[in-house]
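Below is model06.cif, holding mmCIF, C-alpha atoms.
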data_data
loop_
_atom_site.group_PDB
_atom_site.id
_atom_site.type_symbol
_atom_site.label_atom_id
_atom_site.label_comp_id
_atom_site.auth_asym_id
_atom_site.auth_seq_id
_atom_site.Cartn_x
_atom_site.Cartn_y
_atom_site.Cartn_z
ATOM 1 C CA MET A 1446 14.847 -13.447 -1.410
ATOM 2 C CA ALA A 1447 16.639 -13.844 1.863
ATOM 3 C CA ASP A 1448 16.680 -17.298 3.353
ATOM 4 C CA LYS A 1449 16.358 -16.047 6.921
ATOM 5 C CA SER A 1450 14.541 -13.308 8.763
ATOM 6 C CA ILE A 1451 16.154 -11.604 11.722
ATOM 7 C CA THR A 1452 14.115 -11.661 14.914
ATOM 8 C CA LYS A 1453 13.925 -8.839 17.427
ATOM 9 C CA THR A 1454 16.023 -10.909 19.854
ATOM 10 C CA GLU A 1455 18.745 -11.360 17.237
ATOM 11 C CA LEU A 1456 18.595 -7.664 16.336
ATOM 12 C CA VAL A 1457 18.925 -6.651 19.994
ATOM 13 C CA ALA A 1458 21.860 -9.035 20.492
ATOM 14 C CA SER A 1459 23.607 -7.718 17.379
ATOM 15 C CA ILE A 1460 23.186 -4.054 18.351
ATOM 16 C CA ALA A 1461 24.246 -4.754 21.940
ATOM 17 C CA SER A 1462 27.373 -6.518 20.705
ATOM 18 C CA ALA A 1463 28.246 -3.719 18.273
ATOM 19 C CA THR A 1464 27.713 -0.908 20.783
ATOM 20 C CA GLY A 1465 28.816 -2.528 24.038
ATOM 21 C CA GLN A 1466 25.432 -1.763 25.614
ATOM 22 C CA SER A 1467 23.395 -4.298 27.567
ATOM 23 C CA GLN A 1468 20.695 -6.199 25.735
ATOM 24 C CA SER A 1469 18.050 -4.843 28.121
ATOM 25 C CA ALA A 1470 19.092 -1.248 27.354
ATOM 26 C CA VAL A 1471 19.025 -1.879 23.602
ATOM 27 C CA SER A 1472 15.655 -3.636 23.866
ATOM 28 C CA SER A 1473 14.239 -0.701 25.823
ATOM 29 C CA VAL A 1474 15.459 1.777 23.194
ATOM 30 C CA LEU A 1475 13.966 -0.305 20.338
ATOM 31 C CA ASP A 1476 10.638 -0.617 22.171
ATOM 32 C CA SER A 1477 10.577 3.156 22.695
ATOM 33 C CA LEU A 1478 11.439 3.744 19.024
ATOM 34 C CA PHE A 1479 8.619 1.498 17.806
ATOM 35 C CA SER A 1480 6.154 3.035 20.265
ATOM 36 C CA THR A 1481 7.066 6.588 19.268
ATOM 37 C CA VAL A 1482 6.838 5.800 15.545
ATOM 38 C CA SER A 1483 3.458 4.072 15.888
ATOM 39 C CA ASP A 1484 2.009 6.884 18.032
ATOM 40 C CA ALA A 1485 3.192 9.565 15.597
ATOM 41 C CA VAL A 1486 1.913 7.740 12.507
ATOM 42 C CA ALA A 1487 -1.429 7.028 14.216
ATOM 43 C CA LYS A 1488 -1.806 10.794 14.781
ATOM 44 C CA GLY A 1489 -1.149 11.473 11.094
ATOM 45 C CA SER A 1490 2.471 12.606 11.314
ATOM 46 C CA LYS A 1491 5.179 11.435 8.957
ATOM 47 C CA VAL A 1492 8.232 9.912 10.636
ATOM 48 C CA SER A 1493 11.396 10.079 8.577
ATOM 49 C CA ILE A 1494 14.946 8.934 9.244
ATOM 50 C CA PRO A 1495 16.663 10.660 6.300
ATOM 51 C CA GLY A 1496 18.408 8.272 3.950
ATOM 52 C CA TRP A 1497 17.050 5.189 5.700
ATOM 53 C CA ILE A 1498 13.271 4.908 6.063
ATOM 54 C CA ALA A 1499 10.040 6.898 6.283
ATOM 55 C CA PHE A 1500 6.641 5.980 7.718
ATOM 56 C CA GLU A 1501 3.395 7.794 6.982
ATOM 57 C CA GLN A 1502 -0.340 7.273 7.226
ATOM 58 C CA VAL A 1503 -2.277 7.246 3.945
ATOM 59 C CA ALA A 1504 -6.011 7.091 3.344
ATOM 60 C CA THR A 1505 -7.524 4.400 1.143
ATOM 61 C CA SER A 1506 -10.771 4.993 -0.702
ATOM 62 C CA ALA A 1507 -13.772 2.703 -0.647
ATOM 63 C CA ARG A 1508 -13.747 0.179 -3.444
ATOM 64 C CA THR A 1509 -15.371 -2.983 -4.727
ATOM 65 C CA GLY A 1510 -13.424 -6.213 -4.319
ATOM 66 C CA ARG A 1511 -14.044 -9.817 -5.190
ATOM 67 C CA ASN A 1512 -14.078 -12.882 -2.950
ATOM 68 C CA PRO A 1513 -11.508 -15.189 -4.603
ATOM 69 C CA GLN A 1514 -13.299 -18.352 -3.462
ATOM 70 C CA THR A 1515 -16.829 -17.502 -4.585
ATOM 71 C CA GLY A 1516 -16.276 -14.694 -7.066
ATOM 72 C CA ALA A 1517 -18.898 -12.595 -5.264
ATOM 73 C CA GLU A 1518 -18.380 -8.840 -5.202
ATOM 74 C CA ILE A 1519 -17.777 -7.284 -1.798
ATOM 75 C CA LYS A 1520 -17.663 -3.677 -0.632
ATOM 76 C CA ILE A 1521 -14.342 -2.684 0.945
ATOM 77 C CA PRO A 1522 -14.764 0.421 3.122
ATOM 78 C CA ALA A 1523 -12.427 3.402 3.109
ATOM 79 C CA GLY A 1524 -9.687 3.199 5.679
ATOM 80 C CA LYS A 1525 -6.116 4.035 6.571
ATOM 81 C CA ARG A 1526 -2.853 2.185 6.085
ATOM 82 C CA VAL A 1527 0.814 2.742 6.787
ATOM 83 C CA LYS A 1528 3.152 3.497 3.908
ATOM 84 C CA VAL A 1529 6.809 2.587 4.471
ATOM 85 C CA THR A 1530 9.389 4.033 2.075
ATOM 86 C CA ALA A 1531 13.023 2.958 1.881
ATOM 87 C CA GLY A 1532 15.585 5.755 1.769
ATOM 88 C CA SER A 1533 18.587 6.115 -0.493
ATOM 89 C CA LYS A 1534 21.133 4.626 1.943
ATOM 90 C CA LEU A 1535 18.962 1.550 2.502
ATOM 91 C CA LYS A 1536 18.401 1.123 -1.234
ATOM 92 C CA ALA A 1537 22.154 1.460 -1.899
ATOM 93 C CA ALA A 1538 22.927 -1.156 0.778
ATOM 94 C CA VAL A 1539 20.675 -3.664 -1.005
ATOM 95 C CA LYS A 1540 22.283 -3.225 -4.441
#
Show me the file's structure as structure tokens.
Amino acid sequence: MADKSITKTELVASIASATGQSQSAVSSVLDSLFSTVSDAVAKGSKVSIPGWIAFEQVATSARTGRNPQTGAEIKIPAGKRVKVTAGSKLKAAVK
């Protein structure tokens, strides 16, 4: 695994340096991207950046779980989660 995570501040600085844009402009674009993706996925749409990444909402069914401390069975209600899928270009970059 990677030894270090990249923070949003570091990501903004890196993109700003690579593109020659100001950090505030890059930060604004990233904030808008994240907001747009979250709004679309919350409404049930799939957001896909071909070759890189895809986000979609998936339904989970109700199930029975177990409390790891006590061993007691618990009911886990049905719900929704976000599925994130890596695209081919991202997978190739990791190899």
Which residues match the PyMOL selection byres ((chain A and resi 1505-1507) around 9) in the file above, as a JSON list (two decimals) with C-alpha atoms, in the frame of the given file?
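And here's selection-v1.json as it stands now:
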[["chain", "number", "residue", "atom", "x", "y", "z"],
["A", 1503, "VAL", "CA", -2.28, 7.25, 3.94],
["A", 1504, "ALA", "CA", -6.01, 7.09, 3.34],
["A", 1508, "ARG", "CA", -13.75, 0.18, -3.44],
["A", 1509, "THR", "CA", -15.37, -2.98, -4.73],
["A", 1520, "LYS", "CA", -17.66, -3.68, -0.63],
["A", 1521, "ILE", "CA", -14.34, -2.68, 0.94],
["A", 1522, "PRO", "CA", -14.76, 0.42, 3.12],
["A", 1523, "ALA", "CA", -12.43, 3.40, 3.11],
["A", 1524, "GLY", "CA", -9.69, 3.20, 5.68],
["A", 1525, "LYS", "CA", -6.12, 4.04, 6.57],
["A", 1526, "ARG", "CA", -2.85, 2.18, 6.08]]
(request) Might you spell out which residues the PyMOL selection byres ((chain A and resi 1454) around 12) would select in the displayed file, as a VMD selection string? (result) chain A and resid 1450 to 1453 1455 to 1461 1468 to 1469 1471 to 1473 1475 to 1476
Those residues with C-alpha atoms, as a PDB file, in the coordinates of the input please?
ATOM      1  CA  SER A1450      14.541 -13.308   8.763  1.00  0.00           C
ATOM      2  CA  ILE A1451      16.154 -11.604  11.722  1.00  0.00           C
ATOM      3  CA  THR A1452      14.115 -11.661  14.914  1.00  0.00           C
ATOM      4  CA  LYS A1453      13.925  -8.839  17.427  1.00  0.00           C
ATOM      5  CA  GLU A1455      18.745 -11.360  17.237  1.00  0.00           C
ATOM      6  CA  LEU A1456      18.595  -7.664  16.336  1.00  0.00           C
ATOM      7  CA  VAL A1457      18.925  -6.651  19.994  1.00  0.00           C
ATOM      8  CA  ALA A1458      21.860  -9.035  20.492  1.00  0.00           C
ATOM      9  CA  SER A1459      23.607  -7.718  17.379  1.00  0.00           C
ATOM     10  CA  ILE A1460      23.186  -4.054  18.351  1.00  0.00           C
ATOM     11  CA  ALA A1461      24.246  -4.754  21.940  1.00  0.00           C
ATOM     12  CA  GLN A1468      20.695  -6.199  25.735  1.00  0.00           C
ATOM     13  CA  SER A1469      18.050  -4.843  28.121  1.00  0.00           C
ATOM     14  CA  VAL A1471      19.025  -1.879  23.602  1.00  0.00           C
ATOM     15  CA  SER A1472      15.655  -3.636  23.866  1.00  0.00           C
ATOM     16  CA  SER A1473      14.239  -0.701  25.823  1.00  0.00           C
ATOM     17  CA  LEU A1475      13.966  -0.305  20.338  1.00  0.00           C
ATOM     18  CA  ASP A1476      10.638  -0.617  22.171  1.00  0.00           C
TER      19      ASP A1476
END
Enclose all atoms of stretch 1479-1488 of chain A listed in the file in an axis-aligned box, grow every side by 4 Å, and hand back centre and edge lengths in Å to one decimal, as AutoDock Vina command-line options.
--center_x 3.4 --center_y 6.1 --center_z 16.4 --size_x 18.4 --size_y 17.3 --size_z 15.8
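Minimum distance to A:Val1539 across A:Gly1510, A:Ala1470, A:Trp1497, A:Gly1516 (counting only C-alpha atoms) occurs at A:Trp1497.
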(request) Work out how far atom CA of A:Phe1500 is from atom CA of A:Ser1533, in Å to one decimal. (result) 14.5 Å
(request) Would you mind reading off the distance between atom CA of A:Phe1479 and atom CA of A:Asp1448, one decimal, in Å? (result) 25.0 Å
